[in-house]
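Only one structure is covered here, and it is reproduced in the block below.
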Amino acid sequence: KYFTMSEIQKAIEKLMDNRQTARMGGGQKAIDKQHEKGKYTARERIAMLLDEGSFEEFDMFVTHRCYDFGMDAKHTFGDGVVTGYGTIAGRLVYVFAQDFTVTAGSLSISLADKICKVMDMAVRNGAPCIGLNDSGGARIQEGVNALAGYANIFQRNVMASGVIPQISAIFGPCAGGAVYSPALTDFIMMTEQNSYMFITGPKVVKSVTGEDVTVEQLGGAKVHATKSGVTHFVAATEEEALQEVRRLVSFIPPNNMEEA
């Protein structure tokens, strides 16, 4: 079949519209809510982290594959994570940024596949992999499929360990699998506000042990920087944290075959 110029133009316009929709994540209302919390969106964080104009995105139009519990009604482009590669001071890095505006950044099997793809490419090309984490954990509607997605990510964390630098920045109330993976990486950055790492939240702790504990006491930056030792760096703001990640990259070799 031959396409007319009109049909080609319509296809191009549809592609441009879809790209614009994908860049809006969960929509303007969700983006505004993120900003009200003093947090940036996934794409804003990537823009601050990487050299201007260097970001090349993968899998912008991926959607989840779940049709249970009403999930068939909404398939958001990107499915809660932005992935790709770019440069920091001219050096190649791979990056994924979880998007809290889409189902609280919860992990589906499609989202896990996107993260695994970028981690595989980082290992194959011998470049650091940076994860910007802002996720509520596994997407409960997908059940064991979401947990299998985490298992795939954890395996890659282990296989990449000692081969390429793995850097995690925690920019939200991350729980469960959303922090099991960062805990396996080489460097962890947290912020003083809006940044939490815990296996499960205070409400579950209360129901199981009867203990009242705040999110800050359970998994805030202070407790992980001074008691547990889980986090290595603490920044006052997201802007400062991302600049510190850029500075960290300048000290370390891109892979285990090169000198620092």
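Chain identifiers are assigned as A, B, and so on, following the order in which chains appear in the structure tokens; residues are numbered from 1 within each chain, and ligands are numbered from 1 in order of appearance.
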What's the 10 Å shell around A:Lys222, counting only C-alpha atoms, without same-chain residues fewer than 2 positions away, as a tab-separated table (two decimals) with N, CA, C and O atoms, in the first residue's frame?
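Full text of selection-v2.tsv as output:
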```tsv
chain	number	residue	atom	x	y	z
A	190	MET	N	19.91	10.83	49.52
A	190	MET	CA	18.57	11.19	49.99
A	190	MET	C	18.49	12.69	50.20
A	190	MET	O	19.52	13.36	50.32
A	191	THR	N	17.26	13.20	50.27
A	191	THR	CA	17.05	14.61	50.62
A	191	THR	C	16.47	14.70	52.02
A	191	THR	O	15.89	13.74	52.54
A	192	GLU	N	16.61	15.85	52.64
A	192	GLU	CA	16.17	16.03	54.02
A	192	GLU	C	14.65	16.05	54.15
A	192	GLU	O	14.10	15.79	55.20
A	193	GLN	N	13.95	16.36	53.07
A	193	GLN	CA	12.49	16.40	53.10
A	193	GLN	C	11.94	15.58	51.94
A	193	GLN	O	12.54	15.51	50.87
A	196	TYR	N	12.12	9.12	51.84
A	196	TYR	CA	12.01	8.07	52.85
A	196	TYR	C	12.32	6.71	52.23
A	196	TYR	O	11.98	6.44	51.09
A	216	GLU	N	9.53	9.74	59.44
A	216	GLU	CA	10.90	10.23	59.62
A	216	GLU	C	11.71	9.28	60.50
A	216	GLU	O	12.87	8.96	60.20
A	217	GLN	N	11.11	8.82	61.58
A	217	GLN	CA	11.80	7.89	62.48
A	217	GLN	C	12.04	6.54	61.81
A	217	GLN	O	13.05	5.88	62.06
A	218	LEU	N	11.10	6.14	60.96
A	218	LEU	CA	11.18	4.83	60.34
A	218	LEU	C	12.14	4.78	59.16
A	218	LEU	O	12.86	3.80	58.99
A	219	GLY	N	12.13	5.84	58.36
A	219	GLY	CA	12.95	5.76	57.15
A	219	GLY	C	13.40	7.08	56.57
A	219	GLY	O	13.67	7.17	55.37
A	220	GLY	N	13.49	8.13	57.40
A	220	GLY	CA	13.94	9.42	56.91
A	220	GLY	C	15.43	9.48	56.65
A	220	GLY	O	16.18	8.57	57.02
A	224	HIS	N	18.78	7.10	58.32
A	224	HIS	CA	19.60	6.27	57.44
A	224	HIS	C	21.03	6.79	57.31
A	224	HIS	O	21.95	6.03	57.01
A	225	ALA	N	21.21	8.09	57.55
A	225	ALA	CA	22.56	8.65	57.46
A	225	ALA	C	23.32	8.54	58.78
A	225	ALA	O	24.56	8.52	58.78
A	226	THR	N	22.60	8.44	59.91
A	226	THR	CA	23.28	8.44	61.22
A	226	THR	C	23.17	7.12	61.98
A	226	THR	O	23.99	6.85	62.86
A	227	LYS	N	22.17	6.28	61.66
A	227	LYS	CA	21.99	5.04	62.41
A	227	LYS	C	22.15	3.79	61.56
A	227	LYS	O	22.98	2.93	61.84
A	228	SER	N	21.34	3.66	60.52
A	228	SER	CA	21.37	2.42	59.73
A	228	SER	C	22.56	2.37	58.77
A	228	SER	O	23.02	1.29	58.42
A	229	GLY	N	23.02	3.53	58.31
A	229	GLY	CA	24.11	3.56	57.33
A	229	GLY	C	23.68	3.21	55.92
A	229	GLY	O	24.52	2.98	55.05
A	231	THR	N	22.10	5.14	53.68
A	231	THR	CA	22.38	6.20	52.72
A	231	THR	C	23.78	6.79	52.93
A	231	THR	O	24.28	6.83	54.06
A	234	VAL	N	23.38	13.03	51.99
A	234	VAL	CA	22.11	13.71	52.27
A	234	VAL	C	22.22	15.14	51.75
A	234	VAL	O	23.22	15.82	52.01
```
Considering only C-alpha atoms, tabulate each residue of stretch 104-155 of chain A that lies at most 7 Å from stretch 81-97 of chain A along with its nearest interatomic pair and the corresponding distance in Å to one decimal; arrange the rows by chain and ascending residue number and present them as CSV.
```
residue,atom,partner,partner_atom,distance
A:Leu111,CA,A:Val81,CA,6.4
A:Lys114,CA,A:Thr83,CA,6.9
A:Ile115,CA,A:Phe96,CA,6.5
A:Val118,CA,A:Tyr94,CA,6.5
A:Ala122,CA,A:Tyr94,CA,5.9
A:Ala127,CA,A:Val93,CA,5.4
A:Pro128,CA,A:Val93,CA,5.1
A:Cys129,CA,A:Tyr94,CA,4.8
A:Ile130,CA,A:Val95,CA,4.7
A:Gly131,CA,A:Phe96,CA,5.1
A:Leu132,CA,A:Ala97,CA,4.5
A:Asn133,CA,A:Ala97,CA,6.2
```
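Nearest residue to A:Gln155 among A:Ala175, A:Ala112, A:Ala260, A:Ile188 is A:Ala112, counting only C-alpha atoms.
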* **Spatial neighbours of A:Ser108, 9 Å, only C-alpha atoms, chain gap at least 6 places, as a PyMOL selection string** => chain A and resi 64-66+79-80+138-142+145-147+149-150
* **Nearby residues (only C-alpha atoms) at most 9 Å from A:Ser161, same-chain spacing under 3 positions excluded, as a list of chain:residue names** =>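 Here the qualifying residues turn out to be A:Arg156, A:Asn157, A:Val158, A:Ile164, A:Pro165, A:Gln166, A:Leu184, A:Thr185, A:Asp186.
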Keeping N, CA, C and O atoms, export the residues of the selection given above as a compact mmCIF listing (two decimals), in the first residue's frame.
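selection36.txt written:
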```txt
# COMPACT_ATOMS: atom_id res chain seq x y z
N ARG A 156 19.64 -7.87 38.07
CA ARG A 156 20.53 -6.99 37.32
C ARG A 156 21.38 -6.13 38.25
O ARG A 156 22.53 -5.84 37.93
N ASN A 157 20.82 -5.72 39.39
CA ASN A 157 21.64 -5.01 40.39
C ASN A 157 22.84 -5.85 40.79
O ASN A 157 23.97 -5.35 40.87
N VAL A 158 22.60 -7.13 41.03
CA VAL A 158 23.67 -8.03 41.47
C VAL A 158 24.67 -8.28 40.35
O VAL A 158 25.89 -8.24 40.56
N ILE A 164 29.76 -1.84 36.70
CA ILE A 164 29.52 -0.41 36.44
C ILE A 164 29.06 0.24 37.74
O ILE A 164 28.53 -0.44 38.63
N PRO A 165 29.28 1.54 37.90
CA PRO A 165 28.73 2.24 39.07
C PRO A 165 27.21 2.30 38.99
O PRO A 165 26.65 2.57 37.93
N GLN A 166 26.56 2.02 40.12
CA GLN A 166 25.11 2.16 40.22
C GLN A 166 24.80 3.19 41.30
O GLN A 166 25.23 3.05 42.45
N LEU A 184 20.84 -2.13 47.08
CA LEU A 184 21.85 -2.98 46.46
C LEU A 184 22.84 -2.19 45.60
O LEU A 184 23.82 -2.76 45.13
N THR A 185 22.58 -0.90 45.40
CA THR A 185 23.45 -0.11 44.52
C THR A 185 24.63 0.47 45.30
O THR A 185 24.71 0.37 46.52
N ASP A 186 25.57 1.08 44.58
CA ASP A 186 26.84 1.51 45.17
C ASP A 186 26.73 2.79 46.00
O ASP A 186 27.38 2.92 47.03
```
* Pick from A:Phe3, A:Leu242, A:Val208, A:Phe251: nearest to A:Asp51, with only C-alpha atoms counted? ->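 Selected residue with least distance to A:Asp51: A:Leu242.
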Restrict the calculation to only C-alpha atoms, then for each residue of stretch 46-126 of chain A with any atom at most 12 Å from an atom of stretch 237-241 of chain A give the closest atom pair and their distance in Å to one decimal, rows by chain and rising residue number, as JSON lines.
```
{"residue": "A:Ile46", "atom": "CA", "partner": "A:Glu239", "partner_atom": "CA", "distance": 10.9}
{"residue": "A:Ala47", "atom": "CA", "partner": "A:Glu239", "partner_atom": "CA", "distance": 10.8}
{"residue": "A:Met48", "atom": "CA", "partner": "A:Glu239", "partner_atom": "CA", "distance": 7.3}
{"residue": "A:Leu49", "atom": "CA", "partner": "A:Glu239", "partner_atom": "CA", "distance": 8.7}
```
